[in-house]
Amino acid sequence: MDGERDAAAESTDEGTGALSDEALVRRVQDEGDRDALEQLVRRYLRAVHAVVASILPDPEAIDDAAQETFLRALAAMGQYDTRRPFAPWIYQIARNVARNQLARQTRWKAEPLEAGPPVSRDPAPDDAAERARIRARVEEELQRLPEQRRIAFRLVDVEGMTAGEAGRLMGVSPGTVRSHLHHARRELRQALAEYGNLTAETGG
Amino acid sequence: MNDLHADGKDEGARGRAPEPLTPKPLTPEPLTPEPLPHAWLPEARAPEGHPVWQLRVACVMSAAGPALAPPPWWSEMGRWWKVSAGLAAASLLLFFGISDRPPADGAGVAGDEFALGMVVAEGDAAAFWGALGVPANPVLALLTFENPGAMPAPTAPEGQGEGGVR
């Protein structure tokens with residue numbers, strides 16, 4: 001078993017020659033290697049931010065939640081099995097941290113979100129204020145989607161990840177990501193139909 | 001999907017002419033809807049390499065600092081020190097536990113000496129205690145012989161010979 005762990009510890013990403021996630025984790029576990037941890041944070045901070053942002057509606061809480069995710073991961077690194085992929089592990093921690101923060105926020109802010117009236121039926125509003133209001137509405141509708149769909153939508157459509165990259169992070173297949181994406185887009189389009197003929201605009 | 005019952009053609013299949021080899025075109029699966037207009041989407045995170053990520057990474061590393069600090073030397077030593085200290089404590093307890101043990105019943109008489117005294121006294125309790133320097137009358141000697149804890153510690157013989165009490 002140690003042999004397997006050592007092999008994982010020394011493995012590198014093909015092509016780049018950089019140490020694999022699991023090898024970096026092993027260094028943090030064994031030596032408290034600060035540089036190894038920093039590399040992991042650099043690799044995953046943006047993705048963790050995106051995951052947390054898709055759960056937490058409050059933008060100010062996102063930085064805190066992302067930071068807490070890494071601190072929790074560091075605290076739990078002793079129990080992490082380096083034979084398992086790191087990305088879904090940190091993804092799961094990020095989800096849990098964000099959910100907990102959301103629960104705390106909703107406990108303090110009991111007022112429900114209310115859908116604002118449709119602002120315009122212009123399919124391509126050029127006014128910045130109107131666009132901002134539509135964005136707010138999209139955010140609101142996003143919060144109504146099931147969590148996995150919301151995260152897939154955020155990672156792929158908003159952050160520009162491929163379905164494969166998102167799947168690796170979420171610990172699911174690219175096909176599953178595409179399925180989540182399909183449903184998320186369809187539900188959002190239905191919810192936002194009042195803002196104009198999206199089909200006509202986007203050709204979908 | 002092929003829905004054979006949709007147009008009623010599937011009824012009475014026995015008398016029907018064989019189906020053509022060319023399959024009917026399948027109804028296409030619904031395509032994934034196009035993405036929403038970009039202007040409507042929430043703001044994306046800053047791209048990789050943006051200075052904001054440097055700052056955030058620095059924040060995370062600063063917060064993680066205490067957890068990453070190498071353990072102090074005494075803590076490292078403590079791993080082994082605890083084991084050796086435990087062993088030392090156990091051996092000390094064992095040593096003092098044995099040496100501080102109260103004298104055995106029989107008022108400090110060693111087991112061998114006691115047995116030898118019994119042999120010499122030939123079952124006479126008063127003679128036995130007398131040989132050990134304890135003057136006693138026969139009745140009391142017999143009682144204390146049966147209950148040795150009630151006897152005082154033996155003192156040095158006071159010039160009495162063996163069987164002097166008899």
# chains A, B, ... in the order shown; residues from 1 in each chain; ligands from 1
call {"tool": "interface_residues", "arguments": {"of": "chain A", "to": "chain B", "cutoff": "6 Å", "atoms": "only C-alpha atoms", "output": "list in words"}}
result
Gly32, Gln67, Arg135, Val158, Glu159, His182 and Gly204 of chain A
call {"tool": "write_last_selection", "arguments": {"atoms": "N, CA, C and O atoms", "output": "tab-separated table (two decimals), in the first residue's frame"}}
result
chain	number	residue	atom	x	y	z
A	32	GLY	N	4.36	19.19	5.56
A	32	GLY	CA	3.78	20.53	5.78
A	32	GLY	C	4.32	21.51	4.75
A	32	GLY	O	4.55	22.68	5.06
A	67	GLN	N	-11.97	30.76	1.01
A	67	GLN	CA	-10.83	30.63	1.94
A	67	GLN	C	-11.09	29.52	2.96
A	67	GLN	O	-10.21	28.70	3.24
A	135	ARG	N	-29.72	40.61	-15.36
A	135	ARG	CA	-28.71	39.73	-14.75
A	135	ARG	C	-29.14	39.31	-13.34
A	135	ARG	O	-28.97	38.17	-12.95
A	158	VAL	N	-20.90	30.09	-17.68
A	158	VAL	CA	-20.43	31.37	-17.15
A	158	VAL	C	-18.91	31.42	-17.11
A	158	VAL	O	-18.29	32.37	-17.58
A	159	GLU	N	-18.30	30.37	-16.56
A	159	GLU	CA	-16.84	30.41	-16.38
A	159	GLU	C	-16.08	29.89	-17.60
A	159	GLU	O	-14.86	30.01	-17.66
A	182	HIS	N	-28.09	20.97	-20.06
A	182	HIS	CA	-29.29	20.95	-20.91
A	182	HIS	C	-30.52	21.39	-20.11
A	182	HIS	O	-31.27	22.28	-20.51
A	204	GLY	N	-31.51	29.38	-31.19
A	204	GLY	CA	-31.59	28.05	-30.61
A	204	GLY	C	-32.92	27.41	-30.78
A	204	GLY	O	-33.90	27.97	-31.14
call {"tool": "residues_around", "arguments": {"residues": "region 17-25 of chain A", "least_positions_apart": "6", "cutoff": "12 Å", "atoms": "only C-alpha atoms", "output": "PyMOL selection string"}}
result
chain A and resi 4-11+31-44+73-90
call {"tool": "closest_residue", "arguments": {"among": "A:Ala94, A:Leu169, A:Leu155, A:Ala184", "to": "Leu71 (chain A)", "atoms": "only C-alpha atoms"}}
result
A:Ala94
